[in-house]
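S.K.: Take a look at the following structure, please.
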Amino acid sequence: MCYELKTNFGGTEAVIDDNCGITKFYAIADTLAQKLQIEFINQVDESDTLDWDFKYKDQFLTLHYNVFNGVSIFPHEKKNIRQEHNAVMEVANFLQRSIF
C-alpha cells in the first residue's frame, strides 16, 4: 500500500504502510540502503517514533515510523515543494514495486 497525503505546508507525505510494526520499518530502511545506496544522515529514535533523515537526488527526506501511523516518507526541509514531491514519490514508488 502506498498513498500520498499533502502536509500542512503543501509538501507530500507518502504513506508506505499504515499498519505495520517496527520490523517492517527496519526492512524498508535496509532496502533503501542496499538498493538505492541511501545513507541515513540523522537518526532520531524515540519510544514510539523513529525519524531517519537521508538525501535522495539532492533532496533531504525523512523515513518516518510511528507505532500508531506506520511508515511514511516526507520532505525534511520543505524548500522546493515540486522537487521534494518528485523525490518522495520516486522513493515511495520504488518501495511499492519492491516486496513492500
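In the C-alpha cells, chains take letters A, B, ... by order of appearance, with residues numbered from 1 within each chain and ligands from 1 in the order shown.
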Tell me, as number ranges by chain, which residues lie within 7 Å of stretch 62-72 of chain A, counting only C-alpha atoms; anything in the same chain fewer than 4 positions away does not count.

M.R.: A: 13-21, 25, 48-54, 76

S.K.: Kindly export the residues of the current selection with C-alpha atoms, as a CSV table (one decimal), in the first residue's frame.

M.R.:
```csv
chain,number,residue,atom,x,y,z
A,13,GLU,CA,3.9,12.6,2.6
A,14,ALA,CA,3.9,9.2,1.1
A,15,VAL,CA,2.4,6.5,3.4
A,16,ILE,CA,4.2,3.3,2.7
A,17,ASP,CA,2.2,1.1,5.2
A,18,ASP,CA,-0.2,2.5,7.8
A,19,ASN,CA,-0.5,-0.8,9.7
A,20,CYS,CA,2.9,-2.4,10.4
A,21,GLY,CA,5.4,-3.0,13.1
A,25,PHE,CA,10.5,-0.1,9.1
A,48,ASP,CA,7.1,5.2,19.7
A,49,THR,CA,8.6,7.2,16.8
A,50,LEU,CA,11.6,6.9,14.5
A,51,ASP,CA,12.7,9.7,12.1
A,52,TRP,CA,15.7,8.8,9.9
A,53,ASP,CA,16.9,11.6,7.5
A,54,PHE,CA,18.5,10.9,4.2
A,76,HIS,CA,12.7,17.2,5.6
```

S.K.: Fewer than 2 positions away in the same chain doesn't count, so skip those; otherwise give me all residues within 6 Å of stretch 77-87 of chain A, counting only C-alpha atoms, as a list in words.

M.R.: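 My list of contacting residues is Gly11, Thr12, Pro75, Met89 and Glu90 of chain A.
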
S.K.: Per DSSP on the backbone, what are the helix (DSSP H, G or I) residues of chain A, as an MDAnalysis selection string?

M.R.: chainID A and resid 22:35 81:97

S.K.: For the residues selected in the previous step, produce a file with C-alpha atoms as a PDB file, in the first residue's frame.

M.R.:
```pdb
ATOM      1  CA  ILE A  22       8.933  -1.695  13.585  1.00  0.00           C
ATOM      2  CA  THR A  23      10.395  -4.762  11.867  1.00  0.00           C
ATOM      3  CA  LYS A  24       8.964  -3.559   8.558  1.00  0.00           C
ATOM      4  CA  PHE A  25      10.453  -0.094   9.140  1.00  0.00           C
ATOM      5  CA  TYR A  26      13.900  -1.666   9.514  1.00  0.00           C
ATOM      6  CA  ALA A  27      13.333  -3.796   6.390  1.00  0.00           C
ATOM      7  CA  ILE A  28      12.373  -0.677   4.413  1.00  0.00           C
ATOM      8  CA  ALA A  29      15.413   1.215   5.715  1.00  0.00           C
ATOM      9  CA  ASP A  30      17.653  -1.717   4.777  1.00  0.00           C
ATOM     10  CA  THR A  31      16.147  -1.884   1.280  1.00  0.00           C
ATOM     11  CA  LEU A  32      16.759   1.833   0.747  1.00  0.00           C
ATOM     12  CA  ALA A  33      20.337   1.497   1.961  1.00  0.00           C
ATOM     13  CA  GLN A  34      21.109  -1.610  -0.094  1.00  0.00           C
ATOM     14  CA  LYS A  35      19.262  -0.958  -3.358  1.00  0.00           C
ATOM     15  CA  ILE A  81       7.985  21.622  -2.986  1.00  0.00           C
ATOM     16  CA  ARG A  82       7.890  20.329  -6.576  1.00  0.00           C
ATOM     17  CA  GLN A  83      11.327  18.667  -6.441  1.00  0.00           C
ATOM     18  CA  GLU A  84      10.642  17.329  -2.950  1.00  0.00           C
ATOM     19  CA  HIS A  85       7.302  15.897  -4.116  1.00  0.00           C
ATOM     20  CA  ASN A  86       9.003  14.154  -7.042  1.00  0.00           C
ATOM     21  CA  ALA A  87      11.713  12.688  -4.794  1.00  0.00           C
ATOM     22  CA  VAL A  88       9.208  11.464  -2.192  1.00  0.00           C
ATOM     23  CA  MET A  89       7.031   9.817  -4.815  1.00  0.00           C
ATOM     24  CA  GLU A  90      10.023   8.250  -6.610  1.00  0.00           C
ATOM     25  CA  VAL A  91      11.191   6.583  -3.409  1.00  0.00           C
ATOM     26  CA  ALA A  92       7.637   5.541  -2.495  1.00  0.00           C
ATOM     27  CA  ASN A  93       7.035   4.060  -5.953  1.00  0.00           C
ATOM     28  CA  PHE A  94      10.340   2.202  -5.753  1.00  0.00           C
ATOM     29  CA  LEU A  95       9.265   0.701  -2.418  1.00  0.00           C
ATOM     30  CA  GLN A  96       5.850  -0.172  -3.798  1.00  0.00           C
ATOM     31  CA  ARG A  97       7.490  -2.111  -6.636  1.00  0.00           C
TER      32      ARG A  97
END
```

S.K.: So that I can check the secondary structure, give me every residue of stretch 2-89 of chain A assigned strand (DSSP E) by backbone DSSP, as an MDAnalysis selection string.

M.R.: chainID A and resid 3:6 12:17 40:45 49:56 59:66 70:75
